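Asks: Please find structure18.pdb (PDB, C-alpha atoms) on the next line:
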```
ATOM      1  CA  MET S   1     -20.837   9.777   1.594
ATOM      2  CA  THR S   2     -21.863  13.303   0.693
ATOM      3  CA  VAL S   3     -22.795  14.706  -2.717
ATOM      4  CA  GLY S   4     -19.407  16.411  -2.847
ATOM      5  CA  ASP S   5     -17.671  13.078  -2.239
ATOM      6  CA  LYS S   6     -19.531  11.459  -5.101
ATOM      7  CA  PHE S   7     -18.620  14.406  -7.301
ATOM      8  CA  VAL S   8     -14.924  14.063  -6.407
ATOM      9  CA  LEU S   9     -14.994  10.284  -6.858
ATOM     10  CA  SER S  10     -16.612  10.376 -10.279
ATOM     11  CA  GLY S  11     -14.228  13.161 -11.304
ATOM     12  CA  ALA S  12     -11.269  11.034 -10.224
ATOM     13  CA  VAL S  13     -12.574   7.978 -12.095
ATOM     14  CA  LEU S  14     -13.122  10.039 -15.254
ATOM     15  CA  LEU S  15      -9.632  11.535 -14.967
ATOM     16  CA  ILE S  16      -8.116   8.071 -14.630
ATOM     17  CA  ILE S  17     -10.015   6.683 -17.611
ATOM     18  CA  TRP S  18      -8.970   9.722 -19.641
ATOM     19  CA  SER S  19      -5.337   9.305 -18.556
ATOM     20  CA  TYR S  20      -5.258   5.704 -19.834
ATOM     21  CA  PHE S  21      -6.556   6.826 -23.206
ATOM     22  CA  PHE S  22      -4.281   9.843 -23.352
ATOM     23  CA  PHE S  23      -1.005   8.331 -22.168
ATOM     24  CA  TRP S  24      -1.370   4.786 -23.408
ATOM     25  CA  ALA S  25      -3.125   5.301 -26.738
ATOM     26  CA  GLY S  26      -1.225   3.552 -29.485
ATOM     27  CA  GLY S  27       2.008   3.776 -27.534
ATOM     28  CA  GLY S  28       3.194   6.954 -29.240
ATOM     29  CA  ALA S  29       3.792   8.054 -32.782
ATOM     30  CA  LEU S  30       6.263   6.422 -35.111
ATOM     31  CA  GLY S  31       9.685   7.995 -34.772
ATOM     32  CA  GLN S  32      11.664   9.441 -37.633
ATOM     33  CA  GLN S  33      15.148   9.178 -36.284
ATOM     34  CA  ALA S  34      17.128   7.428 -33.605
ATOM     35  CA  SER S  35      20.073   8.451 -31.481
ATOM     36  CA  VAL S  36      22.859   6.157 -30.432
ATOM     37  CA  LEU S  37      24.097   7.077 -26.971
ATOM     38  CA  LEU S  38      27.325   6.039 -25.304
ATOM     39  CA  LYS S  39      27.078   6.377 -21.521
ATOM     40  CA  GLY S  40      24.094   8.666 -22.024
ATOM     41  CA  VAL S  41      25.842  11.024 -24.458
ATOM     42  CA  ALA S  42      24.526  11.131 -28.012
ATOM     43  CA  MET S  43      27.136   9.803 -30.432
ATOM     44  CA  LYS S  44      25.181   9.601 -33.614
ATOM     45  CA  THR S  45      21.755  10.363 -34.986
ATOM     46  CA  LEU S  46      20.378   8.050 -37.641
ATOM     47  CA  SER S  47      17.427   8.505 -39.926
ATOM     48  CA  LEU S  48      15.017   5.577 -39.719
ATOM     49  CA  LYS S  49      14.001   6.018 -43.355
ATOM     50  CA  HIS S  50      16.933   4.240 -44.924
ATOM     51  CA  TYR S  51      18.281   0.761 -44.428
ATOM     52  CA  GLN S  52      21.659   0.803 -42.789
ATOM     53  CA  ILE S  53      23.830  -1.331 -40.647
ATOM     54  CA  LEU S  54      26.686   0.009 -38.587
ATOM     55  CA  GLU S  55      29.089  -0.903 -35.867
ATOM     56  CA  ILE S  56      29.575   1.308 -32.854
ATOM     57  CA  ASP S  57      32.317   1.004 -30.261
ATOM     58  CA  GLY S  58      30.974   0.577 -26.749
ATOM     59  CA  LEU S  59      32.715  -0.006 -23.441
ATOM     60  CA  LEU S  60      33.308  -3.702 -24.155
ATOM     61  CA  GLY S  61      33.574  -3.733 -27.887
ATOM     62  CA  LYS S  62      31.621  -3.302 -31.088
ATOM     63  CA  SER S  63      27.838  -3.543 -31.174
ATOM     64  CA  ARG S  64      26.178  -3.958 -34.543
ATOM     65  CA  ILE S  65      23.030  -1.886 -35.045
ATOM     66  CA  GLU S  66      20.556  -2.292 -37.855
ATOM     67  CA  VAL S  67      17.979   0.181 -39.153
ATOM     68  CA  ARG S  68      15.254  -1.369 -41.259
ATOM     69  CA  ASP S  69      11.675  -0.434 -42.164
ATOM     70  CA  GLY S  70      11.618   2.532 -39.794
ATOM     71  CA  ALA S  71      12.813   0.489 -36.823
ATOM     72  CA  ILE S  72      16.149   0.086 -35.095
ATOM     73  CA  ARG S  73      17.683  -2.837 -33.194
ATOM     74  CA  PHE S  74      20.861  -4.384 -31.879
ATOM     75  CA  VAL S  75      22.027  -7.266 -34.062
ATOM     76  CA  THR S  76      25.170  -8.278 -32.229
ATOM     77  CA  SER S  77      26.638  -7.182 -28.948
ATOM     78  CA  PRO S  78      29.716  -8.168 -26.956
ATOM     79  CA  CYS S  79      27.748  -8.102 -23.692
ATOM     80  CA  LYS S  80      26.989 -11.203 -21.645
ATOM     81  CA  GLY S  81      23.241 -11.159 -21.199
ATOM     82  CA  LYS S  82      22.268 -10.043 -24.746
ATOM     83  CA  GLN S  83      19.266  -8.242 -23.263
ATOM     84  CA  CYS S  84      19.686  -5.539 -25.883
ATOM     85  CA  ILE S  85      19.331  -8.053 -28.719
ATOM     86  CA  HIS S  86      16.365  -9.795 -27.084
ATOM     87  CA  ALA S  87      14.644  -6.428 -26.697
ATOM     88  CA  GLY S  88      13.967  -6.645 -30.427
ATOM     89  CA  GLU S  89      13.320  -3.633 -32.588
ATOM     90  CA  ILE S  90      11.800  -0.285 -31.616
ATOM     91  CA  ASN S  91      10.081   2.226 -33.854
ATOM     92  CA  LYS S  92       7.965   4.534 -31.663
ATOM     93  CA  SER S  93       9.001   7.918 -30.404
ATOM     94  CA  GLY S  94      10.361   7.718 -26.875
ATOM     95  CA  GLN S  95      11.180   4.010 -26.956
ATOM     96  CA  ILE S  96      14.593   2.990 -25.671
ATOM     97  CA  ILE S  97      16.858  -0.036 -25.752
ATOM     98  CA  ALA S  98      19.747   0.193 -23.338
ATOM     99  CA  CYS S  99      22.727  -2.136 -23.261
ATOM    100  CA  LEU S 100      24.189  -1.322 -19.867
ATOM    101  CA  PRO S 101      27.277  -3.602 -20.056
ATOM    102  CA  ASN S 102      28.380  -2.073 -23.311
ATOM    103  CA  GLY S 103      27.206   1.427 -22.336
ATOM    104  CA  LEU S 104      25.175   1.884 -25.521
ATOM    105  CA  SER S 105      21.547   2.850 -25.836
ATOM    106  CA  LEU S 106      19.206   3.524 -28.717
ATOM    107  CA  VAL S 107      16.477   6.142 -28.431
ATOM    108  CA  VAL S 108      13.818   6.686 -31.068
ATOM    109  CA  GLU S 109      12.982  10.354 -31.553
ATOM    110  CA  GLY S 110      10.759  12.582 -33.615
ATOM    111  CA  GLY S 111       7.204  11.837 -34.588
ATOM    112  CA  MET S 112       4.004  13.732 -34.086
ATOM    113  CA  GLN S 113       3.467  13.384 -30.380
ATOM    114  CA  TYR S 114       6.485  15.220 -28.979
ATOM    115  CA  ASP S 115       8.158  17.973 -30.862
ATOM    116  CA  ALA S 116      10.885  18.580 -28.311
ATOM    117  CA  ILE S 117      12.728  16.659 -25.680
ATOM    118  CA  ASN S 118      14.319  18.894 -23.108
ATOM    119  CA  PHE S 119      17.205  17.874 -20.928
TER     120      PHE S 119
ATOM    121  CA  MET C 120      20.711  35.251  30.417
ATOM    122  CA  LYS C 121      18.119  32.591  30.424
ATOM    123  CA  ILE C 122      16.233  31.496  27.368
ATOM    124  CA  SER C 123      13.012  29.746  28.044
ATOM    125  CA  LEU C 124      10.663  28.011  25.648
ATOM    126  CA  SER C 125       7.140  27.739  26.800
ATOM    127  CA  VAL C 126       5.378  24.602  25.663
ATOM    128  CA  SER C 127       1.650  24.865  25.407
ATOM    129  CA  ASP C 128      -0.918  22.068  25.659
ATOM    130  CA  GLU C 129      -1.467  22.530  21.978
ATOM    131  CA  ASP C 130       2.207  21.782  21.276
ATOM    132  CA  TYR C 131       1.945  18.549  23.257
ATOM    133  CA  ARG C 132      -1.111  17.548  21.304
ATOM    134  CA  ILE C 133       0.556  18.280  17.948
ATOM    135  CA  VAL C 134       3.642  16.296  18.926
ATOM    136  CA  GLY C 135       1.582  13.344  20.130
ATOM    137  CA  LEU C 136      -0.362  13.219  16.898
ATOM    138  CA  ALA C 137       2.776  13.685  14.793
ATOM    139  CA  VAL C 138       4.438  10.789  16.616
ATOM    140  CA  LEU C 139       1.465   8.591  15.727
ATOM    141  CA  ALA C 140       1.837   9.551  12.073
ATOM    142  CA  ILE C 141       5.614   9.010  12.178
ATOM    143  CA  ILE C 142       5.222   5.522  13.633
ATOM    144  CA  ILE C 143       2.804   4.552  10.871
ATOM    145  CA  HIS C 144       5.124   6.139   8.304
ATOM    146  CA  ILE C 145       8.107   4.101   9.542
ATOM    147  CA  PHE C 146       6.207   0.810   9.766
ATOM    148  CA  GLU C 147       4.876   1.349   6.305
ATOM    149  CA  SER C 148       8.305   1.950   4.798
ATOM    150  CA  ALA C 149       9.239  -1.551   5.987
ATOM    151  CA  ILE C 150       6.491  -3.139   3.881
ATOM    152  CA  PRO C 151       7.812  -4.269   0.510
ATOM    153  CA  SER C 152       6.001  -2.782  -2.456
ATOM    154  CA  PRO C 153       5.265  -4.562  -5.745
ATOM    155  CA  LEU C 154       6.148  -1.424  -7.677
ATOM    156  CA  PRO C 155       8.703   1.154  -6.606
ATOM    157  CA  GLY C 156       7.053   4.378  -5.544
ATOM    158  CA  ILE C 157       3.748   2.798  -4.591
ATOM    159  CA  LYS C 158       2.951   3.084  -0.914
ATOM    160  CA  PRO C 159      -0.414   3.088   0.858
ATOM    161  CA  GLY C 160       0.312   6.308   2.745
ATOM    162  CA  LEU C 161      -1.615   5.258   5.830
ATOM    163  CA  ALA C 162       0.121   7.937   7.899
ATOM    164  CA  ASN C 163      -2.233  10.312   6.148
ATOM    165  CA  VAL C 164      -5.104   8.767   8.099
ATOM    166  CA  ILE C 165      -3.736  10.756  11.016
ATOM    167  CA  THR C 166      -3.323  13.928   8.949
ATOM    168  CA  LEU C 167      -6.894  13.667   7.699
ATOM    169  CA  ALA C 168      -8.400  12.905  11.080
ATOM    170  CA  VAL C 169      -6.438  15.789  12.594
ATOM    171  CA  PHE C 170      -7.665  18.078   9.832
ATOM    172  CA  PHE C 171     -11.277  17.202  10.578
ATOM    173  CA  LEU C 172     -10.942  17.200  14.355
ATOM    174  CA  PHE C 173      -8.563  20.101  14.984
ATOM    175  CA  GLY C 174      -8.328  22.075  11.746
ATOM    176  CA  LEU C 175      -5.829  23.023   9.081
ATOM    177  CA  ARG C 176      -3.072  24.421  11.322
ATOM    178  CA  PHE C 177      -2.756  21.160  13.236
ATOM    179  CA  ALA C 178      -2.802  19.128  10.029
ATOM    180  CA  VAL C 179       0.013  21.195   8.523
ATOM    181  CA  TRP C 180       2.123  20.849  11.674
ATOM    182  CA  VAL C 181       1.590  17.110  11.879
ATOM    183  CA  THR C 182       2.490  16.670   8.206
ATOM    184  CA  VAL C 183       5.618  18.825   8.354
ATOM    185  CA  LEU C 184       6.844  17.010  11.459
ATOM    186  CA  ARG C 185       6.017  13.632   9.953
ATOM    187  CA  VAL C 186       7.944  14.322   6.751
ATOM    188  CA  LEU C 187      10.955  15.774   8.573
ATOM    189  CA  VAL C 188      11.247  13.361  11.487
ATOM    190  CA  GLY C 189      10.060  10.384   9.437
ATOM    191  CA  SER C 190      12.851  10.948   6.911
ATOM    192  CA  ILE C 191      15.473  11.435   9.621
ATOM    193  CA  VAL C 192      14.448   8.190  11.315
ATOM    194  CA  ALA C 193      14.279   6.300   8.013
ATOM    195  CA  GLY C 194      17.616   7.765   6.911
ATOM    196  CA  THR C 195      16.290   9.443   3.786
ATOM    197  CA  PHE C 196      16.560  13.074   4.911
ATOM    198  CA  LEU C 197      17.496  15.364   1.962
ATOM    199  CA  SER C 198      17.615  12.371  -0.391
ATOM    200  CA  PRO C 199      15.480  12.086  -3.531
ATOM    201  CA  THR C 200      12.968  10.053  -1.493
ATOM    202  CA  PHE C 201      12.698  12.941   0.933
ATOM    203  CA  LEU C 202      12.155  15.451  -1.854
ATOM    204  CA  LEU C 203       9.363  13.321  -3.314
ATOM    205  CA  SER C 204       7.824  12.789   0.098
ATOM    206  CA  ALA C 205       7.929  16.528   0.790
ATOM    207  CA  SER C 206       6.492  17.468  -2.592
ATOM    208  CA  GLY C 207       3.638  15.000  -2.185
ATOM    209  CA  ALA C 208       2.936  16.408   1.265
ATOM    210  CA  PHE C 209       3.059  19.955  -0.093
ATOM    211  CA  PHE C 210       0.476  19.263  -2.762
ATOM    212  CA  SER C 211      -1.888  17.434  -0.429
ATOM    213  CA  ILE C 212      -1.636  20.262   2.099
ATOM    214  CA  LEU C 213      -2.492  22.616  -0.749
ATOM    215  CA  VAL C 214      -5.687  20.614  -1.257
ATOM    216  CA  LEU C 215      -6.461  20.754   2.467
ATOM    217  CA  TYR C 216      -5.927  24.530   2.328
ATOM    218  CA  LEU C 217      -8.330  24.906  -0.597
ATOM    219  CA  VAL C 218     -10.929  22.709   1.112
ATOM    220  CA  TYR C 219     -10.470  24.757   4.289
ATOM    221  CA  GLN C 220     -10.879  28.028   2.389
ATOM    222  CA  GLY C 221     -13.973  26.623   0.699
ATOM    223  CA  ARG C 222     -15.466  25.797   4.130
ATOM    224  CA  GLY C 223     -15.330  22.067   3.486
ATOM    225  CA  LEU C 224     -16.806  22.200  -0.027
ATOM    226  CA  GLY C 225     -19.432  19.746   1.203
ATOM    227  CA  LEU C 226     -16.829  16.992   1.383
ATOM    228  CA  SER C 227     -16.421  14.310   4.013
ATOM    229  CA  CYS C 228     -13.166  12.544   4.890
ATOM    230  CA  VAL C 229     -13.525  10.291   1.852
ATOM    231  CA  GLY C 230     -13.785  13.088  -0.695
ATOM    232  CA  VAL C 231     -10.943  15.069   0.843
ATOM    233  CA  ALA C 232      -8.766  11.934   1.007
ATOM    234  CA  VAL C 233      -9.308  11.087  -2.656
ATOM    235  CA  LEU C 234      -8.706  14.685  -3.706
ATOM    236  CA  ALA C 235      -5.552  14.898  -1.586
ATOM    237  CA  SER C 236      -4.157  11.548  -2.724
ATOM    238  CA  MET C 237      -4.643  12.429  -6.377
ATOM    239  CA  ALA C 238      -2.926  15.782  -5.785
ATOM    240  CA  HIS C 239      -0.204  14.014  -3.801
ATOM    241  CA  ILE C 240       0.715  11.605  -6.597
ATOM    242  CA  SER C 241       0.354  14.240  -9.326
ATOM    243  CA  GLY C 242       2.660  16.591  -7.448
ATOM    244  CA  GLN C 243       5.201  13.854  -6.828
ATOM    245  CA  PHE C 244       5.034  12.831 -10.440
ATOM    246  CA  LEU C 245       5.575  16.404 -11.598
ATOM    247  CA  VAL C 246       8.625  16.810  -9.349
ATOM    248  CA  ALA C 247       9.951  13.389 -10.396
ATOM    249  CA  TYR C 248       9.603  14.415 -14.026
ATOM    250  CA  LEU C 249      11.069  17.909 -13.643
ATOM    251  CA  VAL C 250      13.913  16.993 -11.307
ATOM    252  CA  PHE C 251      14.842  13.333 -11.770
ATOM    253  CA  ILE C 252      13.650  11.729 -14.985
ATOM    254  CA  GLN C 253      13.140  14.245 -17.749
ATOM    255  CA  HIS C 254      11.900  11.726 -20.217
ATOM    256  CA  GLU C 255       8.406  11.532 -21.650
ATOM    257  CA  ALA C 256       8.385   7.756 -21.271
ATOM    258  CA  ILE C 257       7.598   8.055 -17.547
ATOM    259  CA  PHE C 258       4.159   9.372 -18.435
ATOM    260  CA  TYR C 259       3.263   5.747 -19.198
ATOM    261  CA  LEU C 260       3.330   5.242 -15.441
ATOM    262  CA  LEU C 261       0.936   8.074 -14.647
ATOM    263  CA  PRO C 262      -2.395   6.266 -15.297
ATOM    264  CA  VAL C 263      -1.303   3.357 -13.097
ATOM    265  CA  LEU C 264      -0.165   5.679 -10.320
ATOM    266  CA  LEU C 265      -3.423   7.644 -10.466
ATOM    267  CA  THR C 266      -5.431   4.417 -10.247
ATOM    268  CA  VAL C 267      -3.485   3.252  -7.223
ATOM    269  CA  ALA C 268      -3.825   6.715  -5.664
ATOM    270  CA  LEU C 269      -7.601   6.520  -6.016
ATOM    271  CA  PHE C 270      -7.812   3.199  -4.172
ATOM    272  CA  PHE C 271      -5.381   4.124  -1.428
ATOM    273  CA  GLY C 272      -7.043   7.526  -1.103
ATOM    274  CA  LEU C 273     -10.417   5.838  -0.689
ATOM    275  CA  ALA C 274      -9.020   3.430   1.907
ATOM    276  CA  THR C 275      -7.330   6.241   3.813
ATOM    277  CA  GLY C 276     -10.509   8.304   3.733
ATOM    278  CA  LEU C 277     -12.717   5.464   4.989
ATOM    279  CA  ILE C 278     -10.344   4.644   7.839
ATOM    280  CA  ALA C 279     -10.045   8.326   8.772
ATOM    281  CA  LYS C 280     -13.829   8.645   8.743
ATOM    282  CA  GLN C 281     -14.182   5.833  11.281
ATOM    283  CA  LEU C 282     -11.440   7.388  13.383
ATOM    284  CA  VAL C 283     -13.072  10.826  13.338
ATOM    285  CA  MET C 284     -16.494   9.380  14.218
ATOM    286  CA  ARG C 285     -15.095   7.448  17.186
ATOM    287  CA  ALA C 286     -12.988  10.369  18.366
ATOM    288  CA  GLU C 287     -15.983  12.701  18.217
ATOM    289  CA  LYS C 288     -18.045  10.258  20.254
ATOM    290  CA  GLU C 289     -15.208  10.047  22.759
ATOM    291  CA  ILE C 290     -14.909  13.820  23.008
ATOM    292  CA  GLU C 291     -18.679  14.146  23.411
ATOM    293  CA  SER C 292     -18.894  11.587  26.198
ATOM    294  CA  SER C 293     -15.909  13.042  28.038
ATOM    295  CA  ALA C 294     -17.441  16.515  27.802
ATOM    296  CA  ARG C 295     -20.625  15.290  29.462
ATOM    297  CA  PRO C 296     -20.452  15.604  33.250
TER     298      PRO C 296
END
```
What's the C-alpha cells form of this structure?
Replies:
Amino acid sequence: MTVGDKFVLSGAVLLIIWSYFFFWAGGGALGQQASVLLKGVAMKTLSLKHYQILEIDGLLGKSRIEVRDGAIRFVTSPCKGKQCIHAGEINKSGQIIACLPNGLSLVVEGGMQYDAINF
Amino acid sequence: MKISLSVSDEDYRIVGLAVLAIIIHIFESAIPSPLPGIKPGLANVITLAVFFLFGLRFAVWVTVLRVLVGSIVAGTFLSPTFLLSASGAFFSILVLYLVYQGRGLGLSCVGVAVLASMAHISGQFLVAYLVFIQHEAIFYLLPVLLTVALFFGLATGLIAKQLVMRAEKEIESSARP
C-alpha cells in the first residue's frame, strides 16, 4: 500500500465516522407540525402543540389520529394488520407512519434541521 | 455501395475484457443481498485492472459496455436500476479521470478502488435522492452505504491488485524471447 492509499483510506474512514455523527445524531429535531396524507396527497396539517383527536376518512374507513405532547399517532384504524397503530407515536421531523391499506400516512414536519422539503 | 467496419485488435481486446466484466455483473445480480441496493460490485475488478494495465480509454469503454450490455441481459435497461447503475459508473469513471489527470496521484489499485467506490455510492445516492426519493429520511441510509462501500472498495482493490500483478508478470514473461 502506498502513502496515497493510506491517505485515501484514512480520509474515507473519517468521512464515514463524520457521516454517522452528522446523519444519525439525535435522529432529527422535534417537529412542530404534522401532515395527514391520503394516497400521498396532503389532506390536513396539524400543529403538534395542542392536544387534539380527529377522525380522517381513508380508503377503508375512518382512522382516529391523536396529537399529544408534541407527538402524533394512530389510535384506531380499520386496516387488518394495525401496523400503523403498532408503529406508536412520532415526534421528530421527517418521521413517517404509513397505513398502506387505508391509504393514510402521517409525516412530522418543521423543526430546526430542515427548513424546507421540496417535492 | 458497401459499408465496411474495420475491427482493430484493440476493439477485440476491449470486447473480451467487457465480456468478462459483464459475466461477473450478471452472476453477481443473482446473489441475494441482505439490503436492497447493496452489491459487491466485483465487475469493477475488471475495470480497475484494465485501468492500470491499459489506461483510462479502455476502462471507460469496458465500463460503458458493461453497464449497457449488462442491463440488457439482466432486463433492466432504461429502468431505475439502470439509471442508478449508470450514475454510479459515471461517478467512478470521473474519479478514474481525475486520477489519470493527476498521473496516478501516488495511488495503487487499493486507493483508487476505495476512492471510486465511495464516489460510486455517493453519486448513486445523489441521483436516487434527486430523481426517486426526494425525502430527507433516506439520508439515514448514507452512513451505512458509505461503510459498505469502503469494505467492498477495499476488497475490489485488493483483488484487482493481485490481478494486475499476475497479468504484468504474464506480459513480462511472454515478452521475453
Asks: Using all atoms listed in the file, which residues sit within 12 Å of region 4-9 of chain S once same-chain residues fewer than 6 positions away are excluded, as a PyMOL selection string?
Replies: (chain S and resi 15-16) or (chain C and resi 218+223-237+266+268-270+272-273+276-277)
Asks: Around region 241-244 of chain C, fit a box with edges along x, y and z, padding it by 5 Å on each side, then list its centre and edge lengths in Å to one decimal as JSON.
Replies:
```
{"center_x": 2.8, "center_y": 14.7, "center_z": -8.6, "size_x": 14.8, "size_y": 13.8, "size_z": 13.6}
```
Asks: Starting from the PyMOL selection byres ((chain C and resi 201) around 12), expand the selection into actual residues of this file and give them as number ranges by chain.
Replies: C: 183, 185-200, 202-209, 243, 246-247
Asks: For the residues in the current selection, export C-alpha atoms as a tab-separated table (two decimals), keeping the file's coordinate frame.
Replies:
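Result went into result-v8.tsv, see below:
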```
chain	number	residue	atom	x	y	z
C	183	VAL	CA	5.62	18.82	8.35
C	185	ARG	CA	6.02	13.63	9.95
C	186	VAL	CA	7.94	14.32	6.75
C	187	LEU	CA	10.96	15.77	8.57
C	188	VAL	CA	11.25	13.36	11.49
C	189	GLY	CA	10.06	10.38	9.44
C	190	SER	CA	12.85	10.95	6.91
C	191	ILE	CA	15.47	11.44	9.62
C	192	VAL	CA	14.45	8.19	11.32
C	193	ALA	CA	14.28	6.30	8.01
C	194	GLY	CA	17.62	7.76	6.91
C	195	THR	CA	16.29	9.44	3.79
C	196	PHE	CA	16.56	13.07	4.91
C	197	LEU	CA	17.50	15.36	1.96
C	198	SER	CA	17.61	12.37	-0.39
C	199	PRO	CA	15.48	12.09	-3.53
C	200	THR	CA	12.97	10.05	-1.49
C	202	LEU	CA	12.16	15.45	-1.85
C	203	LEU	CA	9.36	13.32	-3.31
C	204	SER	CA	7.82	12.79	0.10
C	205	ALA	CA	7.93	16.53	0.79
C	206	SER	CA	6.49	17.47	-2.59
C	207	GLY	CA	3.64	15.00	-2.18
C	208	ALA	CA	2.94	16.41	1.26
C	209	PHE	CA	3.06	19.95	-0.09
C	243	GLN	CA	5.20	13.85	-6.83
C	246	VAL	CA	8.62	16.81	-9.35
C	247	ALA	CA	9.95	13.39	-10.40
```
Asks: From the set S:Asn102, S:Thr76, S:Leu30, S:His50, which residue has the shortest atom-to-atom contact distance to Arg64 (chain S), counting all atoms listed in the file?
Replies: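 The closest residue to Arg64 (chain S) is S:Thr76.
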Asks: So what do you get for CA of Lys39 (chain S) versus CA of Gln52 (chain S), distance-wise?
Replies: 22.6 Å
Asks: Can you list, as number ranges by chain, every protein, DNA or RNA residue that comes within 9 Å of Ile133 (chain C) when you count all atoms listed in the file, leaving out same-chain residues fewer than 3 positions away?
Replies: C: 128-130, 136-138, 177-178, 180-181
Asks: Write out N, CA and C atoms for region 36-57 of chain S, as a PDB file, in the frame of the given file.
Replies:
```pdb
ATOM      1  N   VAL S  36      22.054   7.172 -31.097  1.00  0.00           N
ATOM      2  CA  VAL S  36      22.859   6.157 -30.432  1.00  0.00           C
ATOM      3  C   VAL S  36      23.628   6.872 -29.335  1.00  0.00           C
ATOM      4  N   LEU S  37      23.464   6.412 -28.102  1.00  0.00           N
ATOM      5  CA  LEU S  37      24.097   7.077 -26.971  1.00  0.00           C
ATOM      6  C   LEU S  37      25.166   6.177 -26.361  1.00  0.00           C
ATOM      7  N   LEU S  38      26.302   6.766 -26.058  1.00  0.00           N
ATOM      8  CA  LEU S  38      27.325   6.039 -25.304  1.00  0.00           C
ATOM      9  C   LEU S  38      27.405   6.678 -23.922  1.00  0.00           C
ATOM     10  N   LYS S  39      27.144   5.895 -22.899  1.00  0.00           N
ATOM     11  CA  LYS S  39      27.078   6.377 -21.521  1.00  0.00           C
ATOM     12  C   LYS S  39      26.184   7.617 -21.406  1.00  0.00           C
ATOM     13  N   GLY S  40      25.073   7.597 -22.128  1.00  0.00           N
ATOM     14  CA  GLY S  40      24.094   8.666 -22.024  1.00  0.00           C
ATOM     15  C   GLY S  40      24.387   9.882 -22.887  1.00  0.00           C
ATOM     16  N   VAL S  41      25.517   9.886 -23.598  1.00  0.00           N
ATOM     17  CA  VAL S  41      25.842  11.024 -24.458  1.00  0.00           C
ATOM     18  C   VAL S  41      25.595  10.630 -25.915  1.00  0.00           C
ATOM     19  N   ALA S  42      24.860  11.458 -26.629  1.00  0.00           N
ATOM     20  CA  ALA S  42      24.526  11.131 -28.012  1.00  0.00           C
ATOM     21  C   ALA S  42      25.779  11.099 -28.871  1.00  0.00           C
ATOM     22  N   MET S  43      25.967   9.955 -29.576  1.00  0.00           N
ATOM     23  CA  MET S  43      27.136   9.803 -30.432  1.00  0.00           C
ATOM     24  C   MET S  43      26.754  10.098 -31.877  1.00  0.00           C
ATOM     25  N   LYS S  44      25.560   9.621 -32.216  1.00  0.00           N
ATOM     26  CA  LYS S  44      25.181   9.601 -33.614  1.00  0.00           C
ATOM     27  C   LYS S  44      23.673   9.688 -33.704  1.00  0.00           C
ATOM     28  N   THR S  45      23.183  10.366 -34.734  1.00  0.00           N
ATOM     29  CA  THR S  45      21.755  10.363 -34.986  1.00  0.00           C
ATOM     30  C   THR S  45      21.525   9.745 -36.355  1.00  0.00           C
ATOM     31  N   LEU S  46      20.631   8.764 -36.396  1.00  0.00           N
ATOM     32  CA  LEU S  46      20.378   8.050 -37.641  1.00  0.00           C
ATOM     33  C   LEU S  46      18.953   8.289 -38.105  1.00  0.00           C
ATOM     34  N   SER S  47      18.776   8.450 -39.393  1.00  0.00           N
ATOM     35  CA  SER S  47      17.427   8.505 -39.926  1.00  0.00           C
ATOM     36  C   SER S  47      16.884   7.083 -39.996  1.00  0.00           C
ATOM     37  N   LEU S  48      15.596   6.920 -39.675  1.00  0.00           N
ATOM     38  CA  LEU S  48      15.017   5.577 -39.719  1.00  0.00           C
ATOM     39  C   LEU S  48      14.461   5.252 -41.105  1.00  0.00           C
ATOM     40  N   LYS S  49      14.624   6.198 -42.040  1.00  0.00           N
ATOM     41  CA  LYS S  49      14.001   6.018 -43.355  1.00  0.00           C
ATOM     42  C   LYS S  49      14.806   5.088 -44.261  1.00  0.00           C
ATOM     43  N   HIS S  50      16.091   5.016 -44.011  1.00  0.00           N
ATOM     44  CA  HIS S  50      16.933   4.240 -44.924  1.00  0.00           C
ATOM     45  C   HIS S  50      17.522   3.043 -44.208  1.00  0.00           C
ATOM     46  N   TYR S  51      17.650   1.948 -44.993  1.00  0.00           N
ATOM     47  CA  TYR S  51      18.281   0.761 -44.428  1.00  0.00           C
ATOM     48  C   TYR S  51      19.754   1.070 -44.167  1.00  0.00           C
ATOM     49  N   GLN S  52      20.217   0.745 -43.004  1.00  0.00           N
ATOM     50  CA  GLN S  52      21.659   0.803 -42.789  1.00  0.00           C
ATOM     51  C   GLN S  52      22.063  -0.099 -41.638  1.00  0.00           C
ATOM     52  N   ILE S  53      23.311  -0.481 -41.699  1.00  0.00           N
ATOM     53  CA  ILE S  53      23.830  -1.331 -40.647  1.00  0.00           C
ATOM     54  C   ILE S  53      25.165  -0.721 -40.253  1.00  0.00           C
ATOM     55  N   LEU S  54      25.405  -0.582 -38.959  1.00  0.00           N
ATOM     56  CA  LEU S  54      26.686   0.009 -38.587  1.00  0.00           C
ATOM     57  C   LEU S  54      27.186  -0.550 -37.271  1.00  0.00           C
ATOM     58  N   GLU S  55      28.473  -0.405 -37.085  1.00  0.00           N
ATOM     59  CA  GLU S  55      29.089  -0.903 -35.867  1.00  0.00           C
ATOM     60  C   GLU S  55      29.552   0.271 -35.030  1.00  0.00           C
ATOM     61  N   ILE S  56      29.209   0.209 -33.752  1.00  0.00           N
ATOM     62  CA  ILE S  56      29.575   1.308 -32.854  1.00  0.00           C
ATOM     63  C   ILE S  56      30.417   0.734 -31.722  1.00  0.00           C
ATOM     64  N   ASP S  57      31.468   1.449 -31.365  1.00  0.00           N
ATOM     65  CA  ASP S  57      32.317   1.004 -30.261  1.00  0.00           C
ATOM     66  C   ASP S  57      31.676   1.348 -28.931  1.00  0.00           C
TER      67      ASP S  57
END
```
